[in-house]
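Working notes, structure below.
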Amino acid sequence: MAEWTQLEAVNQAFASEMGRDENVVVLGEDVGINGGVFRATEGLLEAFGAERVIDTPLAESVIVGMAIGMAAQGLKPIVELQFMGFIYPAVDQIINHASRLRNRTRGRITCPMVIRAPFGGGIHAPEHHSESTEALFAHMPGLRVVIPSSPARAYGLLLAAIRDPDPVVFLEPKRVYRLGKQVVEDNGEALPLDTCFVLRDGIDITLVSWGASIKETLEAAQQLAQIGVDAEVVDVATISPLDMGTILDSVARTGRCVIVHEAARSGGVGAEIAARLAGEGIASLLAPVKRVTGYDTVMPLYRYEDQYMPGVNRIIDAVQEAMEYR
Amino acid sequence: MAEWTQLEAVNQAFASEMGRDENVVVLGEDVGINGGVFRATEGLLEAFGAERVIDTPLAESVIVGMAIGMAAQGLKPIVELQFMGFIYPAVDQIINHASRLRNRTRGRITCPMVIRAPFGGGIHAPEHHSESTEALFAHMPGLRVVIPSSPARAYGLLLAAIRDPDPVVFLEPKRVYRLGKQVVEDNGEALPLDTCFVLRDGIDITLVSWGASIKETLEAAQQLAQIGVDAEVVDVATISPLDMGTILDSVARTGRCVIVHEAARSGGVGAEIAARLAGEGIASLLAPVKRVTGYDTVMPLYRYEDQYMPGVNRIIDAVQEAMEYR
Amino acid sequence: MPGSNFNFETIEFLDPNGQLKRPLPEALATRDKLVELYQLMVQTRVFDRAAINLQRTGAMGTYPSCEGQEAIGTGVGYAMNENDVLVPYYRDIATQIQRGVLLEEILRYWGGDEWGMHFQHQAQDFPISVPIATQSCHAVGVAYAMKYRQQPRAVVTTCGDGATSKGDFYESINIAGALALPVVFVVNNNRWAISVPLEKQTAAQTIAHKSLAAGIDGYRVDGNDPIAVFQVLSEALELARNEQRPSLVEALTYRLCDHTTADDASRYRPQQEFDAARELEPLIRFKAYLQKEQQWSDADDESIYADCKKQVKKAIEAYQAFPEQPPGQFFDYMFAKRTADLEQQKQEWLAGVKRHG
Amino acid sequence: MPGSNFNFETIEFLDPNGQLKRPLPEALATRDKLVELYQLMVQTRVFDRAAINLQRTGAMGTYPSCEGQEAIGTGVGYAMNENDVLVPYYRDIATQIQRGVLLEEILRYWGGDEWGMHFQHQAQDFPISVPIATQSCHAVGVAYAMKYRQQPRAVVTTCGDGATSKGDFYESINIAGALALPVVFVVNNNRWAISVPLEKQTAAQTIAHKSLAAGIDGYRVDGNDPIAVFQVLSEALELARNEQRPSLVEALTYRLCDHTTADDASRYRPQQEFDAARELEPLIRFKAYLQKEQQWSDADDESIYADCKKQVKKAIEAYQAFPEQPPGQFFDYMFAKRTADLEQQKQEWLAGVKRHG
Ligand SMILES: Cc1ncc(C[n+]2csc(CCOP(=O)(O)OP(=O)(O)O)c2C)c(N)n1
Ligand SMILES: Cc1ncc(C[n+]2csc(CCOP(=O)(O)OP(=O)(O)O)c2C)c(N)n1
Ligand SMILES: [Mg+2]
Ligand SMILES: [Mg+2]
C-alpha cells in the first residue's frame with residue numbers, strides 16, 4: 001500500500017474514479033498538460049485524453065455553468081477552480097443553478113458535479129490566494145460542502161463527492177496538501193458524507209474543527225493532555241449539511257466546546273455550530289462556547305499572515321478559559 | 001410633514017442627498033426613465049439628468065465594478081441591483097474589491113458606495129425574486145450590511161449609508177415597500193449605522209429580527225402581550241457589524257431570546273447572534289436560543305411561499321417553548 | 001473605425017407585405033408545412049393573450065408575453081431535431097410547444113408551481129433561466145456532452161438583446177468557439193431590455209458582430225419571418241451537428257408587449273416606434289402570404305383560430321385542475337434524499353401545520 | 001465564415017532587426033527620448049531579474065516576471081499624461097515606474113506587505129488586480145468620473161490575453177462603448193495564460209477583433225516595439241480624452257519567462273516557440289536600432305546598465321529597510337474607523353500577543 005500526501009490522494013481518487021467511470025470528466029484552467037497549478041490533476045491528461053481532461057479558457061462562470069450542462073446530460077464533471085479566491089465569478093452559477101436545478105425541475109434535471117478549490121492561508125501565497133469563505137456555500141440550500149483533512153479522507157471523501165447525485169463543493173486545505181504522508185489503500189472505497197470524524201476521544205472538552213486547522217487543533221489537544229486536559233477532537237468534514245448529532249453527543253459528555261476555523265469569525269460556520277449548541281445543546285453547556293478563528297478582516301499579505309492565523313496558543317488559551325469557567 | 005411608504009422614503013433620501021451633493025450618482029438597470037422596476041428612483045432622471053442617473057447595460061459585474069472606479073475618483077455611486085437574486089454576478093467585485101481596496105492600499109483608495117437591492121419573499125414574484133442571502137455579505141470583512149424596516153429608518157439609514165466612507169450593502173425588504181405609511185421629516189438627517197433599534201420594550205423575552213420579518217415579530221409581540229408575555233423587540237438594522245451590545249443587554253434582562261429571519265436557517269445571520277449568546281451571553285440564558293427562520297431549502301415558487309415564510313404562529317410557538325423551558 | 005464597416009446581411013424570405021423574395025426552402029415547400037408554421041404562431045399568440053388574461057384576473061402570477069416574437073420560436077423549433085436540446089429563455093413558447101412542453105406546464109410555472117418545469121414529455125430540454133444569460137453557459141456544457149459522445153446532435157440556446165451585455169453570454173460564445181462545440185446561440189433582438197433600448201445596451205454595429213469576438217459564425221435574420229428563421233437555423237444546426245461549428249444568430253424583431261405583466265412600457269417606449277413595429281409583425285405578414293400564394297381563406301383562418309382557442313381552453317382547464325403539491329413538498333427535492341437537517345425541519349414544519357392548520 | 005476575413009493591420013515601426021520601417025513619431029524624434037525609452041526597458045529588465053533573484057533566495061514571495069514584455073509598458077507609460085489614470089495588471093512595471101510607483105513599493109507588495117500598494121507618489125492609479133480582468137470594470141468607472149467632470153483625461157487599463165475570455169473584460173469594453181467613455185484597454189498578448197496557449201483561449205481571429213463586439217476602436221500593434229506602442233497609445237488616448245472614444249489595443253509579444261516564480265513553463269511550452277520568440281524581443285531590437293541609427297556605443301550601453309543596476313540596488317536596500325507594520329495593523333484599515341467588533345478583536349489579539357510574545 002502506498003504512502004500519500006493529501007495532494008497525491010486527490011490525484012489518486014481522480015485516477016481511480018476516471019478509470020472506473022467514463023462519464024467522469026475534469027475541467028478547469030491548467031488542469032491538462034500542466035496538471036493543475038498544484039499538480040492535483042497530474043498525469044490525467046496522458047491517462048485519459050484531452051476529451052476528459054479539459055483545459056478551459058480563463059472564465060470561471062462558464063466553467064461551472066458548462067459543468068452544469070454536462071451534468072444534465074449524465075456526465076460527472078469535476079471542476080477545478082484554481083484558488084478559492086477565484087470562485088466568486090462562479091457563485092451565480094453555483095447558487096442560482098447547480099444547487100437548484102433538481103428542485104426547479106422536480107428531479108428531472110440533476111447536477112451530479114464536484115467543484116474543487118484549494119483554500120485557506122498559511123502558504124505565503126499572494127493576495128486572494130488565502131480565502132476561507134466556506135460559510136458562503138454552507139449557507140446555500142442544495143449544496144454539500146466537504147472539506148478533507150487527511151490523505152485518507154481526501155481520497156475517500158472525493159470519491160464520495162464524485163459519486164454523489166448532487167453538487168458538492170469540495171474544498172482542499174492547501175496548507176496541508178504536502179504536509180505528512182499516510183498509508184491509503186487505493187481500493188476505490190468512498191467514505192461517508194454528512195458525517196463528522198472523531199479524531200481523538202476525550203472527556204473534558206470538545207474541540208471542533210475542519211480543514212487545515214485540524215492540524216493545530218490536534219497539536220493543541222496533545223499539549224493539553226500534558227497539562228491534564230483531555231480533549232475530544234471532531235473533524236466536521238462535511239460542513240453542510242452538518243452532522244450535528246456527533247457534536248451534540250460529544251458536548252453532552254464534555255460540557256464544553258471550542259470551535260476552531262481559519263475563516264473570519266462573524267458568520268463563519270463556527271457560528272452555526274455554536275448556535276445549535278445554544279439551541280438544542282444548551283442543557284449540556286457548562287461554559288461559553290468559544291470560537292478560535294480568523295478575524296473579521298481580510299487575510300493579511302503573507303508577511304503578516306501568521307498574526308492572523310488561529311494557532312495552537314490561541315486554541316489552548318480558549319480551552320483553558322472554558323475549563324476554568326464556573 | 002409628509003407620510004411616506006418605505007419606497008417613497010428611499011426615493012426621498014435619494015432626492016435629498018443628490019440635491020445636497022453632486023458627487024452622488026445613481027446607476028443600474030432601468031433606473032432612468034423607468035424609475036426602477038419598483039420606482040425607487042422615480043423622478044430622479046428628470047431632476048438630476050442622465051449624467052447622474054445612469055441606465056446601464058444589463059451586466060451586474062461591471063455595474064458594481066464601475067461604481068468602484070467612480071468611488072475611487074471621489075464620486076459617491078449608488079448602485080441599484082434589480083433584485084437580490086441578481087447580485088451574485090457582482091459578488092466577485094463586492095468581495096474581492098469593494099470591501100478590500102481601502103485595506104489593500106492602506107487607505108489610499110477607498111470605496112464610498114452603496115449597493116442597493118430589494119430582497120425577501122412574499123410578494124408572489126417569480127423565481128429568484130425572493131432571495132434573502134444577507135448572510136453572505138454579513139460574513140465579508142470590510143462591508144457594512146444595512147436593512148431598514150420602516151419608512152423613517154429607510155430614509156435615515158440610506159442617508160447614513162450614502163455618507164459613510166466605506167461600502168454599504170443596503171437591502172430593502174420589498175414585501176413592506178408599500179405596506180403602511182409613516183410621517184417622516186425630510187430634514188436630511190441620517191440615522192446611526194452599527195446600531196440596533198429597540199422597537200418595543202419588554203421584560204420576558206427578547207425577539208430579534210430585521211427587515212420585513214419585523215412586521216410579524218411585532219405582531220407576535222402584540223399577541224403575546226395578550227397572553228401575558230411581555231416581549232422586547234430589537235430591529236438589528238445593521239446586520240454587519242452587529243451591535244451585539246444592545247442584544248446582550250436585552251437578553252441579560254429577559255434571559256430568553258428568539259431570532260426571526262426569512263433566510264435559510266443554517267448559516268443565517270441568526271446563527272451569529274445565537275453564537276454570541278452562546279459565548280459572551282451564556283450566563284444570561286435561561287432557555288435555548290430559538291431561531292424562527294426560513295428553511296434550508298430554496299424559496300418555493302409563489303403558490304407555496306407561504307408554507308416557507310416564518311409567520312406569526314411560528315414565532316409565538318417558539319416564544320412559548322422558550323418561556324416554558326426550565 | 002476599423003472593422004465597423006463590415007456588414008452582416010439580413011436574411012429575409014417574406015417581406016413585410018407577405019411577398020416571397022426568394023424561393024421557399026425545400027423543407028417548407030408544401031402548403032401543409034407552411035400552414036403548420038402559421039398555426040404555431042397563432043397558437044402562441046392565442047395562448048399568450050390568454051396567459052396575460054389569467055394574470056390580470058389573478059389566476060396566475062407575473063408573465064412575460066412574447067407578442068410579436070412568435071416567428072422566432074416557430075422557426076427555431078421547426079428546424080430542431082427531436083434529439084437536439086433546447087436551453088431556452090422566457091420568450092420561447094413557440095419553440096417549447098414544438099419540443100413537447102405542454103401549454104398547461106407553462107401556465108403552471110408562471111402560476112407558481114415547480115411542476116411546470118418538470119416537462120412530462122420532454123426529458124432533456126432545460127427549463128427557462130430567470131437570471132439573464134446564465135443559460136448560455138449550460139448550453140455549452142450540453143453541447144460538450146454531445147460532442148464527447150460523438151453524437152450528431154446540437155443545442156439551441158436563446159436569450160434577448162440585453163442578455164448579450166452579460167459576461168456569461170460572452171464567456172459562452174467564446175468557449176463554444178475555443179472548444180468547437182455544437183451549439184447555436186439565438187438572440188431575440190426585440191430592441192428593448194425592459195426600459196433600456198438597444199442603443200444604450202451596446203455600441204456594437206449589430207448583435208451579430210459579437211460573433212467575431214468569439215470567432216464563431218454570425219448570422220442576421222429577419223425575426224418576423226419564420227421561413228427565414230427556419231432556414232438560417234437549419235443551416236446553423238447542420239454545421240453544428242456535423243462540423244462542430246458553433247454560431248450566433250441575431251433575429252431582428254420587436255417586443256410588441258410590455259416587458260412582463262408587471263411592466264408598463266408606455267412609461268418609456270415611443271408610441272411611434274411601437275406603431276411602426278406593429279406593421280411588421282409576423283402573423284399579419286404570414287397570413288398575407290398565405291392568402292396571396294397558398295389559397296388561404298378567411299374561413300381557414302377562422303378555423304385555425306378556433307382550433308387554437310380550443311387547445312388553449314383545454315390547457316387552462318388542465319392548469320386549473322392540477323393537484324396541489326402535497327404539504328411541505330418544498331423540502332423533498334433539494335437532494336436526491338432528504339438530509340437529516342431537512343428531515344428534521346420537515347417534521348418541525350409538519351408539526352406546526354398540525355398545530356395551526 | 002462571415003466576418004472572419006476582416007483584418008486588423010499590425011502597426012510596427014521597428015522590425016526585428018532594429019530597422020525603422022516608418023518615420024519616427026514627432027514626439028520621439030530626438031535621441032534623448034529614444035534613449036529614455038531604452039533606459040525604461042533596461043530598467044525594467046534589470047529590476048525584473050533582481051526581483052526573481054530575491055524570490056529565489058527567499059527574500060520575497062511569488063513574483064510575476066515581465067521579461068520580454070517591457071516594450072508594452074514602456075510605450076504605454078510614455079504616452080500617458082500625468083493626470084491620466086492607470087488601472088494595471090501584474091506585468092506593468094515599465095508603466096508603473098513612469099507613473100511614480102517606486103521599485104521598492106513593487107518589491108514590498110510581492111514581499112507580502114500592503115504598504116507596497118500605498119504608492120507614496122501616485123495617488124490615483126489603481127494597484128494591480130489579482131483576480132483576472134476585474135480591473136477592466138474599475139477602469140470604466142474611473143473613466144466615467146472623468147467624463148462626468150468634463151476633464152480631458154483618460155484611463156489606460158491592461159490585462160493579458162487570457163483575461164479577454166472573462167466576462168468582466170467583455171462587460172467592460174461593452175459598457176465603455178455604450179457610454180462612450182475615455183478608456184483604452186491594452187491587452188498584453190503574450191500568447192500564454194499560464195499553460196494555456198492562445199489557440200485554446202479563443203477562436204477569435206485576433207484579440208483586436210473583440211473590439212467589434214463592443215463597437216469600439218480596435219488596434220493591433222507590435223508589442224515588442226515601444227515606438228509603435230507609444231504611437232498607437234498616443235492616438236488612442238487622444239481620441240479617448242477629446243472625443244470620448246474608447247478603444248482596445250492588442251499588443252503582440254511573448255512571455256519570455258515562467259508565468260510566475262511558482263511556475264515551470266518547461267512543463268508545457270515548446271522550446272522552439274520560445275527560442276523563436278527570443279529573437280524578437282524588445283531590448284535586443286531596440287539596441288540594434290540605437291546602434292545603427294543613434295550612434296549608440298557599447299560604452300553607452302554599459303553605462304545605462306550600470307545606472308539601472310544602481311537604481312535597483314538602492315530599491316532593494318530601501319525594500320529591506322522598510323519598517324515592519326506595527327503589530328495588528330491588519331485590523332486598522334478595514335474601515336475608516338475600526339468598528340466595535342474589530343476594536344474588540346484587536347484588543348483580544350493584543351492580549352494574546354502579550355501572553356505568548
Ligand atoms: C442577471 C439578471 N439581471 C437582471 C434581471 C432582471 N431582468 C429580467 S428581464 C430583463 C431584461 C432582459 O432583456 P433582454 O435580454 O433584451 O430580453 P427581453 O426581455 O427583451 O426578451 C432584466 C433586466 C435578471 N432577470 N437577471
Ligand atoms: C479570476 C481568476 N482566475 C484565475 C486566476 C489564476 N491566474 C493568475 S494569472 C492567470 C493567467 C492569466 O493569463 P493572461 O491573462 O494571458 O495574462 P499573463 O499572465 O499571460 O500576462 C491565471 C489563470 C486569477 N488570478 N484570477
Ligand atoms: Mg430584448
Ligand atoms: Mg498571457
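Lettering and numbering for the C-alpha cells are positional, with chains as A, B, ... in the shown order, residues counted from 1 in each chain, and ligands counted from 1 in the shown order.
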
Residues of chain B at most 6 Å from chain D: nearest atom pair and distance in Å, only C-alpha atoms, as a tab-separated table:
residue	atom	partner	partner_atom	distance
B:Val62	CA	D:Cys137	CA	5.1
B:Gly65	CA	D:Cys137	CA	4.7
B:Met66	CA	D:Gly141	CA	3.9
B:Ala67	CA	D:Gly141	CA	5.8
B:Ile68	CA	D:His138	CA	5.8
B:Gly69	CA	D:Gly141	CA	4.0
B:Met70	CA	D:Gly141	CA	4.5
B:Asn103	CA	D:Tyr333	CA	4.6
B:Arg104	CA	D:Glu114	CA	5.6
B:Thr105	CA	D:His118	CA	4.6
B:Arg106	CA	D:His118	CA	5.8
B:Arg108	CA	D:His118	CA	5.9
B:Gly142	CA	D:Met334	CA	5.1

Using only C-alpha atoms and all ligand atoms, find each residue in chain B having at least one atom no more than 12 Å away from ligand 2; report its shortest atom-to-atom pair and that distance in Å (one decimal), rows by chain then rising number, as a tab-separated table.
residue	atom	partner	partner_atom_place_in_ligand_line	distance
B:Asp92	CA	ligand 2	1 (C)	8.8
B:Gln93	CA	ligand 2	1 (C)	10.8
B:Asn96	CA	ligand 2	1 (C)	10.2

query = Taking only C-alpha atoms into account, what are the residues of chain D at most 8 Å from chain C, put as JSON, numbers by chain?
reply = {"D": [1, 2, 3, 4, 6, 7, 8, 165, 166, 167, 168, 169, 170, 171, 174, 175, 177, 178, 179, 199, 200, 201, 202, 203, 204, 205, 207, 209, 210, 211, 212, 213, 214, 215, 216, 217, 218]}

For the selection just defined, write its residues with C-alpha atoms to a file, as a PDB file, in the first residue's frame.
ATOM      1  CA  MET D   1     -17.016  32.420 -42.435  1.00  0.00           C
ATOM      2  CA  PRO D   2     -18.763  35.775 -42.448  1.00  0.00           C
ATOM      3  CA  GLY D   3     -16.661  38.476 -40.909  1.00  0.00           C
ATOM      4  CA  SER D   4     -13.578  36.448 -40.274  1.00  0.00           C
ATOM      5  CA  PHE D   6     -11.720  41.278 -41.866  1.00  0.00           C
ATOM      6  CA  ASN D   7      -8.161  42.159 -40.917  1.00  0.00           C
ATOM      7  CA  PHE D   8      -6.594  44.471 -38.386  1.00  0.00           C
ATOM      8  CA  SER D 165     -12.009  35.304 -22.078  1.00  0.00           C
ATOM      9  CA  LYS D 166     -13.551  36.602 -18.868  1.00  0.00           C
ATOM     10  CA  GLY D 167     -16.969  38.157 -18.643  1.00  0.00           C
ATOM     11  CA  ASP D 168     -15.612  41.208 -16.862  1.00  0.00           C
ATOM     12  CA  PHE D 169     -13.414  42.113 -19.785  1.00  0.00           C
ATOM     13  CA  TYR D 170     -16.284  41.967 -22.187  1.00  0.00           C
ATOM     14  CA  GLU D 171     -18.816  43.691 -19.921  1.00  0.00           C
ATOM     15  CA  ASN D 174     -19.191  46.858 -23.978  1.00  0.00           C
ATOM     16  CA  ILE D 175     -20.182  49.447 -21.401  1.00  0.00           C
ATOM     17  CA  GLY D 177     -18.707  51.623 -25.929  1.00  0.00           C
ATOM     18  CA  ALA D 178     -22.307  52.086 -24.825  1.00  0.00           C
ATOM     19  CA  LEU D 179     -21.497  55.052 -22.578  1.00  0.00           C
ATOM     20  CA  GLU D 199      -5.344  28.891 -29.566  1.00  0.00           C
ATOM     21  CA  LYS D 200      -7.135  27.233 -26.666  1.00  0.00           C
ATOM     22  CA  GLN D 201      -8.211  30.526 -25.197  1.00  0.00           C
ATOM     23  CA  THR D 202     -10.280  31.767 -28.082  1.00  0.00           C
ATOM     24  CA  ALA D 203     -11.165  31.089 -31.678  1.00  0.00           C
ATOM     25  CA  ALA D 204     -11.302  34.807 -32.437  1.00  0.00           C
ATOM     26  CA  GLN D 205      -9.181  35.682 -35.413  1.00  0.00           C
ATOM     27  CA  ILE D 207      -7.805  39.766 -29.884  1.00  0.00           C
ATOM     28  CA  HIS D 209     -11.493  41.534 -33.220  1.00  0.00           C
ATOM     29  CA  LYS D 210     -13.056  41.554 -29.781  1.00  0.00           C
ATOM     30  CA  SER D 211     -13.439  45.308 -30.119  1.00  0.00           C
ATOM     31  CA  LEU D 212     -16.124  44.669 -32.732  1.00  0.00           C
ATOM     32  CA  ALA D 213     -18.339  43.063 -30.115  1.00  0.00           C
ATOM     33  CA  ALA D 214     -18.364  46.339 -28.225  1.00  0.00           C
ATOM     34  CA  GLY D 215     -18.348  48.724 -31.135  1.00  0.00           C
ATOM     35  CA  ILE D 216     -15.145  50.374 -30.012  1.00  0.00           C
ATOM     36  CA  ASP D 217     -11.966  51.083 -31.982  1.00  0.00           C
ATOM     37  CA  GLY D 218      -9.550  48.199 -32.298  1.00  0.00           C
TER      38      GLY D 218
END

Find the residues near ligand 1. Use a cut-off of 9 Å, count only C-alpha atoms and all ligand atoms, and write them as a CSV table (one decimal) with N, CA and C atoms, in the first residue's frame.
chain,number,residue,atom,x,y,z
A,92,ASP,N,-22.8,32.8,-8.9
A,92,ASP,CA,-24.1,32.9,-9.5
A,92,ASP,C,-24.5,31.5,-10.1
B,29,GLU,N,-29.8,49.0,-13.8
B,29,GLU,CA,-30.7,48.7,-14.9
B,29,GLU,C,-32.1,49.4,-14.7
B,30,ASP,N,-32.5,50.1,-15.7
B,30,ASP,CA,-33.9,50.7,-15.7
B,30,ASP,C,-34.1,51.8,-14.6
B,37,VAL,N,-37.6,49.3,-11.4
B,37,VAL,CA,-38.7,48.4,-11.5
B,37,VAL,C,-39.7,48.6,-10.3
B,57,PRO,N,-26.1,49.1,-19.3
B,57,PRO,CA,-26.4,47.8,-19.9
B,57,PRO,C,-26.7,46.7,-18.8
B,58,LEU,N,-27.1,45.6,-19.3
B,58,LEU,CA,-27.5,44.5,-18.4
B,58,LEU,C,-26.3,43.7,-18.0
B,59,ALA,N,-25.6,44.1,-16.9
B,59,ALA,CA,-24.3,43.5,-16.6
B,59,ALA,C,-23.9,43.8,-15.2
B,60,GLU,N,-24.3,43.0,-14.3
B,60,GLU,CA,-24.2,43.4,-12.9
B,60,GLU,C,-22.7,43.5,-12.4
B,81,LEU,N,-29.3,47.1,-7.8
B,81,LEU,CA,-29.4,45.8,-8.4
B,81,LEU,C,-30.9,45.4,-8.3
B,82,GLN,N,-31.4,45.0,-9.4
B,82,GLN,CA,-32.9,44.9,-9.6
B,82,GLN,C,-33.5,44.0,-8.5
B,83,PHE,N,-32.9,42.9,-8.3
B,83,PHE,CA,-33.4,42.0,-7.2
B,83,PHE,C,-32.2,41.4,-6.6
B,85,GLY,N,-31.6,38.4,-6.1
B,85,GLY,CA,-31.2,37.2,-6.8
B,85,GLY,C,-30.3,37.5,-8.0
B,86,PHE,N,-30.1,38.7,-8.3
B,86,PHE,CA,-29.2,39.1,-9.4
B,86,PHE,C,-28.0,39.8,-8.9
B,87,ILE,N,-27.7,39.6,-7.6
B,87,ILE,CA,-26.5,40.2,-7.0
B,87,ILE,C,-25.3,39.3,-7.2
B,88,TYR,N,-25.5,38.0,-7.5
B,88,TYR,CA,-24.4,37.1,-7.5
B,88,TYR,C,-23.4,37.3,-8.5
B,89,PRO,N,-23.7,37.8,-9.7
B,89,PRO,CA,-22.7,38.0,-10.7
B,89,PRO,C,-21.7,39.2,-10.2
B,128,HIS,N,-36.2,33.3,-8.2
B,128,HIS,CA,-35.0,34.2,-8.0
B,128,HIS,C,-35.4,35.6,-7.6
B,129,HIS,N,-36.6,35.9,-7.3
B,129,HIS,CA,-37.0,37.2,-6.9
B,129,HIS,C,-37.4,37.3,-5.5
C,64,PRO,N,-44.3,36.8,-18.8
C,64,PRO,CA,-43.7,37.6,-19.9
C,64,PRO,C,-44.3,37.2,-21.3
C,66,CYS,N,-44.8,37.1,-25.3
C,66,CYS,CA,-43.9,37.1,-26.4
C,66,CYS,C,-44.6,37.7,-27.7
C,89,TYR,N,-34.9,30.7,-23.1
C,89,TYR,CA,-35.2,31.8,-22.1
C,89,TYR,C,-36.8,31.9,-22.1
C,90,TYR,N,-37.2,33.1,-21.6
C,90,TYR,CA,-38.7,33.1,-21.2
C,90,TYR,C,-39.6,33.6,-22.3
C,91,ARG,N,-39.1,33.8,-23.6
C,91,ARG,CA,-40.0,34.2,-24.6
C,91,ARG,C,-40.0,33.1,-25.8
C,129,SER,N,-34.4,30.0,-17.8
C,129,SER,CA,-33.4,30.5,-16.8
C,129,SER,C,-33.8,32.0,-16.5
C,130,VAL,N,-34.2,32.3,-15.3
C,130,VAL,CA,-34.5,33.7,-15.0
C,130,VAL,C,-33.3,34.6,-14.9
C,131,PRO,N,-32.2,34.1,-14.3
C,131,PRO,CA,-31.1,35.0,-14.3
C,131,PRO,C,-30.5,35.2,-15.7
C,132,ILE,N,-30.5,36.4,-16.2
C,132,ILE,CA,-30.3,36.6,-17.6
C,132,ILE,C,-28.9,36.1,-18.0
C,133,ALA,N,-28.9,35.4,-19.1
C,133,ALA,CA,-27.7,34.9,-19.9
C,133,ALA,C,-27.0,33.7,-19.2
C,134,THR,N,-27.4,33.3,-18.0
C,134,THR,CA,-26.8,32.2,-17.3
C,134,THR,C,-26.9,30.9,-18.1
C,159,CYS,N,-31.6,33.9,-26.0
C,159,CYS,CA,-31.6,35.0,-25.0
C,159,CYS,C,-32.0,36.3,-25.7
C,160,GLY,N,-32.1,37.3,-24.9
C,160,GLY,CA,-32.5,38.6,-25.5
C,160,GLY,C,-31.4,39.5,-25.9
C,161,ASP,N,-31.6,40.6,-26.5
C,161,ASP,CA,-30.6,41.6,-26.8
C,161,ASP,C,-29.9,42.1,-25.6
C,162,GLY,N,-30.6,42.3,-24.5
C,162,GLY,CA,-30.0,42.8,-23.3
C,162,GLY,C,-29.0,41.8,-22.7
C,163,ALA,N,-29.4,40.5,-22.9
C,163,ALA,CA,-28.5,39.5,-22.3
C,163,ALA,C,-27.1,39.4,-23.0
C,164,THR,N,-27.0,40.0,-24.2
C,164,THR,CA,-25.7,39.9,-24.8
C,164,THR,C,-24.7,40.9,-24.2
C,165,SER,N,-25.1,41.7,-23.2
C,165,SER,CA,-24.2,42.5,-22.5
C,165,SER,C,-23.5,41.8,-21.3
C,166,LYS,N,-24.1,40.7,-21.0
C,166,LYS,CA,-23.6,40.0,-19.8
C,166,LYS,C,-22.4,39.1,-20.0
C,187,VAL,N,-30.3,35.0,-30.6
C,187,VAL,CA,-30.6,36.2,-29.9
C,187,VAL,C,-31.9,36.8,-30.4
C,188,ASN,N,-32.9,36.9,-29.5
C,188,ASN,CA,-34.1,37.6,-29.8
C,188,ASN,C,-33.9,39.0,-29.7
C,189,ASN,N,-33.6,39.7,-30.7
C,189,ASN,CA,-33.3,41.2,-30.6
C,189,ASN,C,-34.6,41.9,-30.8
C,190,ASN,N,-35.3,42.1,-29.7
C,190,ASN,CA,-36.6,42.8,-29.7
C,190,ASN,C,-36.4,44.3,-29.4
C,191,ARG,N,-35.1,44.7,-29.4
C,191,ARG,CA,-34.8,46.1,-29.3
C,191,ARG,C,-34.9,46.7,-27.9
C,192,TRP,N,-35.4,46.0,-26.9
C,192,TRP,CA,-35.6,46.5,-25.6
C,192,TRP,C,-35.2,45.5,-24.5
C,193,ALA,N,-34.6,46.0,-23.5
C,193,ALA,CA,-34.4,45.1,-22.3
C,193,ALA,C,-35.1,45.9,-21.2
C,194,ILE,N,-36.2,45.5,-20.8
C,194,ILE,CA,-37.2,46.3,-20.0
C,194,ILE,C,-37.2,47.7,-20.7
C,195,SER,N,-36.7,48.7,-19.9
C,195,SER,CA,-36.8,50.0,-20.5
C,195,SER,C,-35.6,50.5,-21.2
C,196,VAL,N,-34.6,49.6,-21.3
C,196,VAL,CA,-33.3,50.1,-21.9
C,196,VAL,C,-33.3,49.7,-23.4
C,197,PRO,N,-33.2,50.7,-24.3
C,197,PRO,CA,-33.2,50.4,-25.7
C,197,PRO,C,-31.9,49.9,-26.2
C,198,LEU,N,-31.9,49.2,-27.3
C,198,LEU,CA,-30.6,48.6,-27.8
C,198,LEU,C,-29.5,49.6,-27.9
C,201,GLN,N,-27.7,49.7,-24.9
C,201,GLN,CA,-27.2,48.4,-24.4
C,201,GLN,C,-25.8,48.1,-25.0
C,254,TYR,N,-39.4,42.8,-32.6
C,254,TYR,CA,-39.8,43.9,-31.8
C,254,TYR,C,-40.7,43.4,-30.7
C,255,ARG,N,-40.5,43.9,-29.5
C,255,ARG,CA,-41.3,43.5,-28.3
C,255,ARG,C,-42.6,44.2,-28.4
C,259,HIS,N,-42.8,44.5,-21.0
C,259,HIS,CA,-41.7,43.5,-20.7
C,259,HIS,C,-42.3,42.3,-20.0
C,260,THR,N,-43.1,42.5,-19.0
C,260,THR,CA,-43.9,41.4,-18.4
C,260,THR,C,-45.2,42.0,-18.0

message = My list of candidates is A:Phe137, A:Trp4, A:Phe197, A:Tyr302. Which is closest to chain B when distances are computed with only C-alpha atoms?
response = A:Phe137
